[in-house]
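Asker: Quick one: structure below, then a few questions.
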Amino acid sequence: MDIGLQHQSNSPFAYPLGQKVVRLVVQVHRPYEMQEIRVHYGDKYETTYTDVLTMQGAGQGTHFDYFVADVPVPTRRLKYAFEVVLAENVSQWFGEMGWTRDLDEAVPFYIPYICPRDVFTVPDWVDQTVAYQIFPERFANGNPLITPEGACGWYDTPTSTSIHGGDLAGIRQRLDYLHELGIRLVYLTPIFRAGSNHKYDTADYFEIDPQFGTKDDLRALVADAHARGMRVVLDAVLNHCGYSFRPFQDVIRNGRKSRYWDWFFIEGDEIDTEAVNYETFATKLRNMPKLNLAHPEVERYMLKVAEYWLEECDIDGWRLDVANEIDHVFWRKFRETVKRAKPDALIIGEVWHNSLPWLQGDQFDGVMNYPLRECILDLFVRGRVAEDEFAKRVTDWQFAYPAQAQRAMFNLLGSHDTERIRTLAGGSVAAVVQAMALLMTAPGIPMIYYGDEIGMQGGADPLCRGGMVWDEDRQDKALLDIVKRLVKLRLSEPALAGGLMRMERAEPGLLRYVREGQTGERVWVQFAAPDRLGAGIPKTARVLFAEQTEPYVAQGEQALAFSEGCAITVWR
């Protein structure tokens, strides 16, 4: 058999969408010659297959074409095999043991039983959400009385140690700005007591850093956000602690006699903070010792942290720092703890690479979607890929995870760990608009890094962490208006909530895809260069968004697809 077909009866090739529906995905390696793929299925206890569905072509990846079928499973038990129809209606059959010439010979694939607790669920509210990331020390100063002595000017160039004076009261006072922008979810980087300005070196997991305020300030912020229909997610740094964390200080004082010795990974009989003979975040960062989450006491402590802030301040979930360096056993217990305390809480892991091991429904809801960011930047900013390659990479990305995880991904153009999008684009507003338009129309939760909506610039950390520009004369109001329109579009169109992103055309100067909502709604999105403006928008189309970007000088490695200008159109 010459057709390279790939399928397994587990995620991301086979998984329940609900208690009585299973999504099946097949990859077919190009080139191939066939007419269609059918899935024959039935209850696993039946002697025959009782039903058949024709699989739908769902996209073309870098090496594979994807075919999808959502199979009804009324008894929750499923067996199935694939029929590949070749030329002249000759069929070959594909089962768990490979190819056969007869359906009866094909060994079935099985979903033995759809157990309710095995169905991957994410909060319903993610489909109608736009997120906004805030670095609290740099967003707004609402209470000068708690600003540390020696703080620099708000707009001074940030350094790795500079203090600018942002706090929780400042965020609370600016909630109306975020509400007007259309934000539904605010993600705060760490706010617990710590020694640095970024607070990723936690000293006390049960206290707000006094530089930011108090627990009452956090409660008030969350309550006011909720009153505006907005949720608040905090950052949990559980992979490592800070130098001043009490158990670590106890180990420094008492060596192996400390009851906390096994909370850390230490070589020798005592701590050497100069040689750094203990594991840390990254490489020998003495102020960030790595925690042993497999130790029962550490595990209980951190699970209590997760539960405490959900119950104490009614927060709406957690973003998990360095999530891929903590064991899966802990994360399963973490999910159980969080979802028990607040069933619709959101759990987002920081993983920069393929994240399938964490996205099986038993750990995270989604992750920081850096792979999508790379695709977007490579097309609109760096010039590393053409339209067709971009379309293939994005299609591969869509089928890398279960559909539920795609709904809950944090899609971003920048963060506190990256250069700002406008800086990467060499100051070009046009490139930012193009990237933002794609971000707002892709599956997942679009996330704006504070200030990107008004054109803030900044290089790599710490320059990307400047004070939020509140001086309206220094804000790019035209960009802000476009971002507001895009956010409104995102929140108002059901087709942009969940569902697939099917590429229709990807060729020089033209990118078009259709978004399909969970209940059948469709919206088309098109990016067209000046010489492709007449590329097939139906005369009967209802235009939902239209923006013409100006030509700009490419900053990437080669000429960009849309640097000569671009007509962005969304219609249904």
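Letters A, B, ... go to the chains of the structure tokens in the order shown; residues in each chain start at 1; ligands are counted from 1 in the same order.
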Find the residues around A:Pro247 up to 12 Å (only C-alpha atoms counted), leave out those fewer than 2 positions away in its own chain, and share them as a list of chain:residue names.

Answerer: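 Answer for this query is A:Thr202, A:Ala203, A:Asp204, A:Tyr205, A:Cys241, A:Gly242, A:Tyr243, A:Ser244, A:Phe245, A:Gln249, A:Asp250, A:Val251, A:Ile252, A:Arg253, A:Asn254, A:Gly255, A:Ser258, A:Arg259, A:Tyr260, A:Trp261, A:Asp262, A:Trp263, A:Phe264, A:Pro289, A:Leu291, A:Glu297, A:Val298, A:Tyr301.
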
Asker: If you run DSSP on the backbone, which residues of stretch 341-390 of chain A are alpha helix (DSSP H), as a VMD selection string?

Answerer: chain A and resid 341 370 to 377 387 to 390

Asker: When DSSP works through the backbone of this structure, what residues of stretch 372-566 of chain A end up as strand (DSSP E or B), shown as number ranges by chain?

Answerer: A: 410-412, 445-449, 501-507, 510-516, 522-528, 543-549, 566

Asker: Counting only C-alpha atoms, figure out which residue out of A:Val25, A:Ile326, A:Ala430, A:Ala169 gets nearest to A:His240.

Answerer: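 Among the listed residues, A:Ile326 lies closest to A:His240.
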
Asker: Choose the residue, out of A:Arg474, A:Leu463, A:Gly520, A:Arg373, that has the smallest atom-to-atom separation from A:Ala442; count only C-alpha atoms.

Answerer: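 Closest to A:Ala442 of all the choices is A:Arg373.
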